[in-house]
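Pasting query_4.txt here (compact mmCIF, C-alpha atoms):
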# COMPACT_ATOMS: atom_id res chain seq x y z
CA MET A 1 -7.23 17.11 4.34
CA ASN A 2 -4.29 19.45 3.78
CA ASN A 3 -2.86 20.35 0.37
CA LEU A 4 0.58 18.82 0.98
CA ARG A 5 1.35 15.88 -1.31
CA VAL A 6 3.44 12.76 -0.89
CA LYS A 7 5.11 11.49 -4.04
CA THR A 8 4.54 7.77 -4.67
CA GLY A 9 7.82 7.10 -6.47
CA VAL A 10 5.91 6.50 -9.73
CA ASP A 11 5.81 9.77 -11.69
CA LYS A 12 2.82 8.85 -13.85
CA LEU A 13 0.79 7.84 -10.80
CA ASP A 14 1.60 11.19 -9.17
CA HIS A 15 0.34 12.85 -12.35
CA ILE A 16 -2.90 10.83 -12.18
CA LEU A 17 -3.26 11.99 -8.57
CA LYS A 18 -2.60 15.63 -9.53
CA GLY A 19 0.57 15.75 -7.47
CA GLY A 20 0.66 12.64 -5.28
CA LEU A 21 -1.14 11.24 -2.25
CA PRO A 22 -2.51 13.79 0.23
CA ARG A 23 -0.17 13.80 3.23
CA GLY A 24 -1.59 11.92 6.20
CA SER A 25 -4.08 9.98 4.08
CA VAL A 26 -4.87 6.27 4.47
CA VAL A 27 -5.13 4.59 1.07
CA LEU A 28 -6.34 1.11 0.14
CA LEU A 29 -4.24 -0.56 -2.56
CA ALA A 30 -6.38 -3.42 -3.85
CA GLY A 31 -5.59 -6.11 -6.40
CA GLY A 32 -5.28 -9.78 -7.16
CA PRO A 33 -2.17 -11.97 -7.17
CA GLY A 34 0.49 -10.82 -9.61
CA THR A 35 -0.86 -7.31 -10.06
CA GLY A 36 2.10 -5.55 -8.45
CA LYS A 37 0.72 -4.51 -5.05
CA THR A 38 3.89 -5.35 -3.12
CA ILE A 39 6.10 -3.70 -5.74
CA LEU A 40 4.11 -0.46 -5.79
CA SER A 41 3.91 -0.24 -2.00
CA ALA A 42 7.63 -1.02 -1.64
CA ARG A 43 8.47 1.63 -4.24
CA PHE A 44 6.42 4.11 -2.22
CA LEU A 45 8.57 3.38 0.85
CA TYR A 46 11.92 3.17 -0.94
CA SER A 47 11.45 6.43 -2.83
CA GLY A 48 10.29 8.14 0.35
CA ILE A 49 13.50 7.17 2.13
CA VAL A 50 16.00 7.68 -0.69
CA ASP A 51 14.47 10.69 -2.46
CA TYR A 52 12.75 12.55 0.38
CA ASN A 53 14.48 11.36 3.57
CA GLU A 54 11.17 10.10 5.01
CA ALA A 55 11.53 7.01 7.20
CA GLY A 56 9.27 4.10 6.23
CA MET A 57 7.84 0.93 7.75
CA TYR A 58 6.51 -2.24 6.13
CA VAL A 59 4.16 -4.41 8.19
CA SER A 60 3.71 -7.86 6.70
CA PHE A 61 1.22 -10.61 7.51
CA THR A 62 2.30 -12.63 4.47
CA GLU A 63 6.10 -12.92 4.17
CA THR A 64 9.33 -12.75 6.09
CA ARG A 65 11.78 -9.88 6.30
CA GLU A 66 14.41 -11.79 4.31
CA ALA A 67 11.99 -12.85 1.56
CA PHE A 68 10.85 -9.25 1.16
CA LYS A 69 14.39 -7.85 1.07
CA ASN A 70 15.62 -10.47 -1.40
CA TYR A 71 12.68 -9.88 -3.73
CA MET A 72 13.22 -6.11 -3.72
CA LEU A 73 16.88 -6.51 -4.64
CA ASN A 74 15.59 -7.58 -8.07
CA PHE A 75 14.64 -3.95 -8.57
CA GLY A 76 17.84 -2.58 -7.09
CA TRP A 77 16.13 -1.55 -3.85
CA ASN A 78 18.43 -2.38 -0.94
CA PHE A 79 16.12 -2.26 2.07
CA ASP A 80 18.69 -4.07 4.19
CA ALA A 81 21.08 -1.13 3.94
CA LEU A 82 18.26 1.29 4.76
CA GLU A 83 17.25 -0.79 7.77
CA LYS A 84 20.81 -0.75 9.11
CA LYS A 85 20.76 3.06 8.86
CA GLY A 86 17.57 3.16 10.91
CA LEU A 87 15.51 4.55 8.03
CA PHE A 88 13.45 1.41 7.35
CA THR A 89 11.52 -0.83 9.74
CA PHE A 90 10.04 -4.25 8.90
CA LEU A 91 7.48 -5.93 11.15
CA ASP A 92 6.13 -9.39 10.44
CA PHE A 93 3.07 -11.08 11.95
CA PHE A 94 2.25 -14.63 10.87
CA SER A 95 0.01 -15.90 13.66
CA THR A 96 -2.08 -12.91 14.68
CA SER A 97 -5.13 -13.95 16.67
CA GLU A 98 -8.14 -11.93 17.72
CA GLU A 99 -6.67 -11.68 21.22
CA GLY A 100 -3.51 -10.20 19.75
CA VAL A 101 -5.06 -7.32 17.80
CA ASP A 102 -4.40 -4.71 20.50
CA HIS A 103 -0.80 -5.86 20.66
CA VAL A 104 -0.47 -5.64 16.86
CA ILE A 105 -1.84 -2.10 16.76
CA LYS A 106 0.45 -0.99 19.59
CA THR A 107 3.43 -2.64 17.90
CA ILE A 108 2.64 -0.79 14.66
CA LEU A 109 2.02 2.62 16.22
CA GLU A 110 4.97 2.78 18.62
CA PRO A 111 7.73 2.95 15.97
CA ILE A 112 5.81 5.62 14.04
CA SER A 113 6.31 8.12 16.84
CA ILE A 114 9.62 6.85 18.18
CA ARG A 115 11.33 6.64 14.76
CA ASN A 116 9.41 9.52 13.15
CA ILE A 117 8.05 7.27 10.42
CA LYS A 118 6.33 9.19 7.61
CA ARG A 119 5.32 6.31 5.31
CA LEU A 120 3.61 3.08 6.32
CA VAL A 121 2.52 -0.03 4.40
CA ILE A 122 0.38 -2.78 5.95
CA ASP A 123 0.31 -5.94 3.81
CA SER A 124 -2.34 -7.04 4.03
CA VAL A 125 -5.60 -6.19 5.78
CA THR A 126 -7.03 -9.25 4.03
CA ALA A 127 -4.62 -11.55 5.85
CA LEU A 128 -5.41 -9.77 9.10
CA SER A 129 -9.14 -10.26 8.44
CA ILE A 130 -8.67 -14.02 8.24
CA SER A 131 -7.63 -14.05 11.87
CA LEU A 132 -10.40 -11.63 12.86
CA GLY A 133 -13.11 -13.66 11.20
CA GLU A 134 -16.21 -11.47 11.00
CA ARG A 135 -16.40 -8.66 8.45
CA TYR A 136 -17.63 -5.99 10.85
CA LYS A 137 -14.52 -6.55 12.95
CA VAL A 138 -12.36 -5.91 9.90
CA ARG A 139 -14.06 -2.61 9.28
CA ASN A 140 -13.63 -1.73 12.95
CA ILE A 141 -9.92 -2.49 12.93
CA VAL A 142 -9.34 -0.53 9.69
CA TYR A 143 -11.34 2.39 11.06
CA LEU A 144 -9.40 2.29 14.33
CA LEU A 145 -6.07 2.21 12.48
CA LYS A 146 -7.16 5.13 10.34
CA GLN A 147 -8.19 7.23 13.33
CA LEU A 148 -4.99 6.49 15.22
CA LEU A 149 -2.85 7.20 12.17
CA LYS A 150 -4.62 10.52 11.69
CA ASN A 151 -2.94 11.68 14.88
CA THR A 152 0.42 11.20 13.18
CA ASP A 153 1.89 12.81 10.08
CA CYS A 154 2.21 9.39 8.47
CA THR A 155 0.85 8.59 4.99
CA SER A 156 -0.31 4.96 4.85
CA ILE A 157 -1.08 2.28 2.28
CA LEU A 158 -3.24 -0.67 3.33
CA VAL A 159 -2.90 -3.57 0.89
CA ALA A 160 -5.96 -5.73 0.17
CA GLU A 161 -6.23 -8.95 -1.84
CA VAL A 162 -8.91 -9.27 -4.51
CA PRO A 163 -9.52 -12.86 -5.70
CA PHE A 164 -9.48 -13.13 -9.49
CA GLY A 165 -12.93 -12.50 -10.95
CA TYR A 166 -14.27 -11.26 -7.61
CA PRO A 167 -15.88 -7.79 -7.66
CA MET A 168 -15.15 -6.80 -4.04
CA MET A 169 -11.96 -5.22 -2.79
CA GLY A 170 -10.49 -6.87 0.29
CA VAL A 171 -13.41 -8.20 2.30
CA GLY A 172 -15.78 -5.59 0.96
CA VAL A 173 -15.78 -3.10 3.82
CA GLU A 174 -12.38 -1.39 3.93
CA GLU A 175 -12.99 0.80 0.88
CA PHE A 176 -15.75 2.71 2.67
CA VAL A 177 -13.45 3.60 5.56
CA VAL A 178 -10.24 4.75 3.87
CA ASP A 179 -9.43 8.09 2.22
CA GLY A 180 -8.50 6.61 -1.14
CA VAL A 181 -8.65 3.48 -3.27
CA ILE A 182 -6.15 2.45 -5.96
CA LEU A 183 -7.13 -0.67 -7.90
CA LEU A 184 -4.71 -2.95 -9.74
CA GLU A 185 -6.16 -5.56 -12.10
CA LEU A 186 -5.25 -8.30 -14.52
CA GLN A 187 -7.46 -8.03 -17.60
CA ARG A 188 -7.75 -10.89 -20.07
CA GLU A 189 -7.15 -9.99 -23.70
CA GLY A 190 -7.36 -12.99 -25.97
CA TYR A 191 -4.77 -15.52 -24.81
CA GLU A 192 -2.92 -13.20 -22.45
CA PHE A 193 -3.47 -10.99 -19.43
CA LYS A 194 -2.61 -7.29 -19.22
CA ARG A 195 -2.23 -5.22 -16.08
CA ARG A 196 -4.19 -2.02 -15.54
CA LEU A 197 -4.55 0.58 -12.80
CA ALA A 198 -7.24 3.03 -11.74
CA VAL A 199 -7.65 5.50 -8.89
CA LEU A 200 -11.25 4.97 -7.82
CA LYS A 201 -11.32 7.38 -4.90
CA MET A 202 -9.06 9.97 -3.28
CA ARG A 203 -10.37 12.44 -0.74
CA GLY A 204 -8.73 15.84 -0.77
CA THR A 205 -7.63 15.85 -4.39
CA GLU A 206 -8.94 15.71 -7.92
CA HIS A 207 -7.70 12.70 -9.86
CA ASP A 208 -7.94 11.03 -13.23
CA LEU A 209 -10.67 8.36 -13.23
CA ARG A 210 -9.50 6.53 -16.35
CA TYR A 211 -7.81 3.14 -16.53
CA PHE A 212 -4.10 3.06 -17.28
CA ARG A 213 -2.10 0.10 -18.56
CA PHE A 214 1.09 -0.71 -16.67
CA ASP A 215 3.96 -3.19 -16.76
CA ILE A 216 6.34 -4.45 -14.09
CA GLN A 217 9.92 -3.68 -15.06
CA HIS A 218 12.99 -4.66 -13.08
CA THR A 219 14.61 -1.26 -13.59
CA VAL A 220 11.81 0.91 -12.19
CA GLY A 221 9.15 -1.35 -10.66
CA LEU A 222 5.86 -0.14 -12.14
CA LYS A 223 5.83 1.67 -15.48
CA ILE A 224 2.45 3.19 -16.34
CA MET A 225 1.64 3.51 -20.03
CA PRO A 226 -0.37 6.17 -21.91
CA ILE A 227 -4.17 6.23 -21.72
CA LEU A 228 -5.95 3.10 -22.89
CA ALA A 229 -7.91 3.42 -26.09
CA GLU A 230 -11.66 3.61 -25.63

Show this structure as structure tokens.
Amino acid sequence: MNNLRVKTGVDKLDHILKGGLPRGSVVLLAGGPGTGKTILSARFLYSGIVDYNEAGMYVSFTETREAFKNYMLNFGWNFDALEKKGLFTFLDFFSTSEEGVDHVIKTILEPISIRNIKRLVIDSVTALSISLGERYKVRNIVYLLKQLLKNTDCTSILVAEVPFGYPMMGVGVEEFVVDGVILLELQREGYEFKRRLAVLKMRGTEHDLRYFRFDIQHTVGLKIMPILAE
């Protein structure tokens, strides 16, 4: 892994990562519903385009282009304008079958080279795994994606769903394949839930292993708070 870093768009997360994600890495962003996975991954793309002139692509197996764009406008992130400028690409797949996996991979990889895409989000490998069925096939597809992406200069986030109260990330195999794992959780405290974040793994860089509290704010997306008390 090289020493070049890719800023995430969240300053505190970059600090936790000692400078940002290693360029060219493939990172698993795991969490349950309502933990902010889509917001963090969208912020990663939006900041890359606006702040660093790095084209981005969002591949969705869960929602439409218009639903995504409308939701992100709540944070002031106008992906529609960026798409019209050719800086943002949105791909949606709702009925991927096992027979269509090769087509999906080709459809994802082609724009990366043609449009010089530097940041990629796939949301989610969990939804893709539903169509693939068996767990070993999920690991194979994630491994294949990782190897193919390594031949590009693209830094990638693979989103994975974690059912509430379930100890595994995604389907339990992706985390052993990827370069890094960022976990988002909802933690019950009395009669309410609080969000927290931890970087569990990141090849090629030292990183803080502690949990950090965070909130979702409509002005910035994710706002990470100071260290949690022991």

Enter the distance from atom CA of Ala198 of chain A to atom CA of Glu185 of chain A, in Å, rounded to one decimal.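 Atom-to-atom, atom CA of Ala198 of chain A to atom CA of Glu185 of chain A, that is 8.7 Å.
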
Pick out the residues sitting within 12 Å of Gly221 of chain A, and hand them over as a ChimeraX atom specification; count all atoms listed in the file, and ignore anything fewer than 4 positions along from it in its own chain. /A:8-11,35-44,46-47,71-77,214-217

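Distance-wise, atom CA of Asn116 of chain A and atom CA of Val26 of chain A end up 17.0 Å apart.
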
Computed gap from atom CA of Leu109 of chain A to atom CA of Asn151 of chain A is 10.4 Å

Go through A:Lys84, A:Arg119, A:Lys106, A:Arg195 and flag the residue nearest Lys7 of chain A, using only C-alpha atoms for the distances.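 Among the listed residues, A:Arg119 lies closest to Lys7 of chain A.
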
Name all residues at most 12 Å from Val159 of chain A (count only C-alpha atoms; drop same-chain ones fewer than 3 positions away) and give them as a PyMOL selection string. chain A and resi 26-33+35-42+58-62+120-129+142+156+162+169-171+174-175+178+180-184

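Nearest residue to Ile224 of chain A, choosing from A:Lys118, A:His103, A:Lys12, A:Arg210 and counting only C-alpha atoms: A:Lys12.
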
Between A:Glu83, A:Asp14, A:Glu110, A:Asp208, which one has atoms that come closest to Ala55 of chain A, using all atoms listed in the file? A:Glu83
